[in-house]
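Engineer: Here it is, the structure, as structure tokens.
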Amino acid sequence: MKDIDLDKLVKAIEKGKKVTFFNGAGISTSAGIPDFRSPDTGLYSNLAKLNLPYAEAVFDIDYFKEDPKPFYTLATELMPGQFPPTKFHYLIKLFQDKNKLNRVYTQNIDTLERLAGVEDENIVEAHGSFASNHCIECKEEMSSNTFKDLMEKGIPNCESCKGYVKPDIVFFGEGLPKKFFSSWDDDCDNVEIAIIAGTSLTVYPFASLPSEVDKKCIRVLANKEKVGDLGSRKDDILALGGCDEFAEKIARSLGWEKELDKLYDEGQNKYTTKKESEQEKIEDIKFELKKVDIKESKFKNEDKDEVDIDVSNLIEKLKI
Ligand code: APR
């Protein structure tokens with residue numbers, strides 16, 4: 001990516017043109033969330049343990065109705081709150097805060113754009129997200145806390161009709177949210193700068209958006225590989241490489257590097273602190289369980305001191 005010329009892009013942004021982002025799973029890989037189709041590391045190459053007839057079945061509504069377990073297994077690993085936003089996500093927040101963001105169209109369900117501080121009205125989650133959950137039969141809503149608790153114990157069944165409850169992620173065979181179509185009706189002819197990032201542009205109708213923008217639009221591809229029809233127009237910019245590397249490069253060119261680093265470091269600290277506190281809890285639990293072990297062994301031989309087990313504290317600590 002070192003020798004790409006971003007001058008045209010930087011000048012357009014400085015002249016006041018706004019950016020519309022079109023995001024895919026590749027912008028979250030550096031947060032620790034696998035994308036779908038990268039060879040070896042992509043999710044679809046690592047679902048063997050779920051014994052699926054084909055990889056995408058894990059997100060297929062008809063397959064889910066037959067056997068929801070594979071999805072729930074995967075959902076536990078992908079639940080938001082475990083992964084921090086990346087530099088690319090914080091770049092979007094900077095565009096928003098500097099009033100240079102038109103909209104973010106994302107295919108991602110990880111809610112990292114929200115976690116980075118991008119406002120709801122600026123985000124179109126084309127494939128839904130984990131932000132809410134509904135019964136697939138009676139459509140009753142279930143809170144995320146209840147959903148998480150039930151998922152840890154097994155299959156989250158609806159409290160009213162016992163149907164399966166799933167997060168509002170768009171499965172293959174389901175329609176996209178109304179907000180996707182209404183937003184695109186408003187935006188389609190007004191996209192001045194399109195930044196397409198971390199996507200293979202495989203899944204329609206999302207994949208068609210970058211080719212629908214006006215011919216005067218500056219289109220930038222920030223992706224490890226060339227995809228879609230990017231590169232076919234004279235003003236296209238191909239920033240082939242890592243999304244975060246692109247974020248750092250464009251922030252440097254706009255003089256936003258320090259602000260981007262600050263946002264990212266704050267996000268990382270918040271996450272690491274949370275992770276450390278969980279690690280501390282786990283260490284405490286191990287210590288408490290060791291006490292139980294000692295107490296148990298006490299009945300076997302008299303050479304261990306008896307200890308009081310603070311069971312309520314232990315249960316409290318288990319509620320990570
Ligand atoms: N930086 C830049 N590009 C990256 C990075 C990275 N760090 N990591 C991966 N990529 C690129 C890959 O090379 C690939 O081109 O991102 C793209 C990811 O493509 P997919 O895995 O197909 O993800 P996505 O395009 O979001 O998938 C679309 O498919 O299964 C459905 O609903 C699911 O929303 C998803 C849709």
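Residues in the structure tokens are named by chain (A, B, ... in the order shown) and by number from 1 within that chain; ligands are numbered from 1 in the order shown.
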Kindly provide, as a ChimeraX atom specification, all nucleotide and amino acid residues lying within 7 Å of ligand 1, counting only C-alpha atoms and all ligand atoms.

Structural biologist: /A:23-27,29-30,35-38,42,56,107-108,127,197-203,222-225,227,241-244

Engineer: Excluding region 144-153 of chain A and any residue of its chain fewer than 2 positions from it, enumerate the residues within 8 Å of it, using only C-alpha atoms, and give them as a PyMOL selection string.

Structural biologist: chain A and resi 72+76+131-133+142+155-157+165

Engineer: Which distance in Å separates CA of Leu254 (chain A) and CA of Ile109 (chain A), to one decimal?

Structural biologist: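 It comes out at 29.2 Å.
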
Engineer: Find, counting only C-alpha atoms, the residue in A:Glu280, A:Ala31, A:Ala126, A:Glu192 that gets nearest to Tyr204 (chain A).

Structural biologist: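 The answer is A:Ala126, which sits nearest to Tyr204 (chain A).
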
Engineer: Any idea what's packed within 12 Å of Lys98 (chain A), counting only C-alpha atoms, ignoring anything in its chain fewer than 6 positions away? Could you give it as a list in words?

Structural biologist: Ile13, Glu14, Gly16, Lys17, Lys18, Val19, Leu91, Ile92, Val118, Leu254, Trp256 and Glu259 of chain A

Engineer: Write the residues of the preceding selection, restricted to C-alpha atoms, as a JSON list (two decimals), in the first residue's frame.

Structural biologist:
```json
[["chain", "number", "residue", "atom", "x", "y", "z"],
["A", 13, "ILE", "CA", -12.29, 15.31, 1.83],
["A", 14, "GLU", "CA", -10.68, 18.66, 2.66],
["A", 16, "GLY", "CA", -15.93, 19.03, 2.22],
["A", 17, "LYS", "CA", -17.01, 15.92, 0.29],
["A", 18, "LYS", "CA", -18.48, 13.31, 2.64],
["A", 19, "VAL", "CA", -17.53, 9.63, 2.85],
["A", 91, "LEU", "CA", -11.35, 6.08, 11.64],
["A", 92, "ILE", "CA", -15.08, 5.98, 10.83],
["A", 118, "VAL", "CA", -20.58, 5.65, 15.44],
["A", 254, "LEU", "CA", -5.49, 14.32, 7.02],
["A", 256, "TRP", "CA", -5.72, 13.03, 12.35],
["A", 259, "GLU", "CA", -6.57, 11.48, 17.47]]
```

Engineer: When you count only C-alpha atoms, which of these residues is closest to Leu78 (chain A): A:Asp62, A:Asp40, A:Asp110, A:Glu140?

Structural biologist: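 Using only C-alpha atoms, the shortest distance to Leu78 (chain A) belongs to A:Asp110.
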
Engineer: Could you name the residues that touch Asp60 (chain A) at 7 Å or less, counting only C-alpha atoms, but leaving out those on the same chain fewer than 2 positions away, as a list in words?

Structural biologist: Glu56, Ala57, Val58, Asp62, Tyr63, Phe64, Phe171, Phe172 and Gly173 of chain A
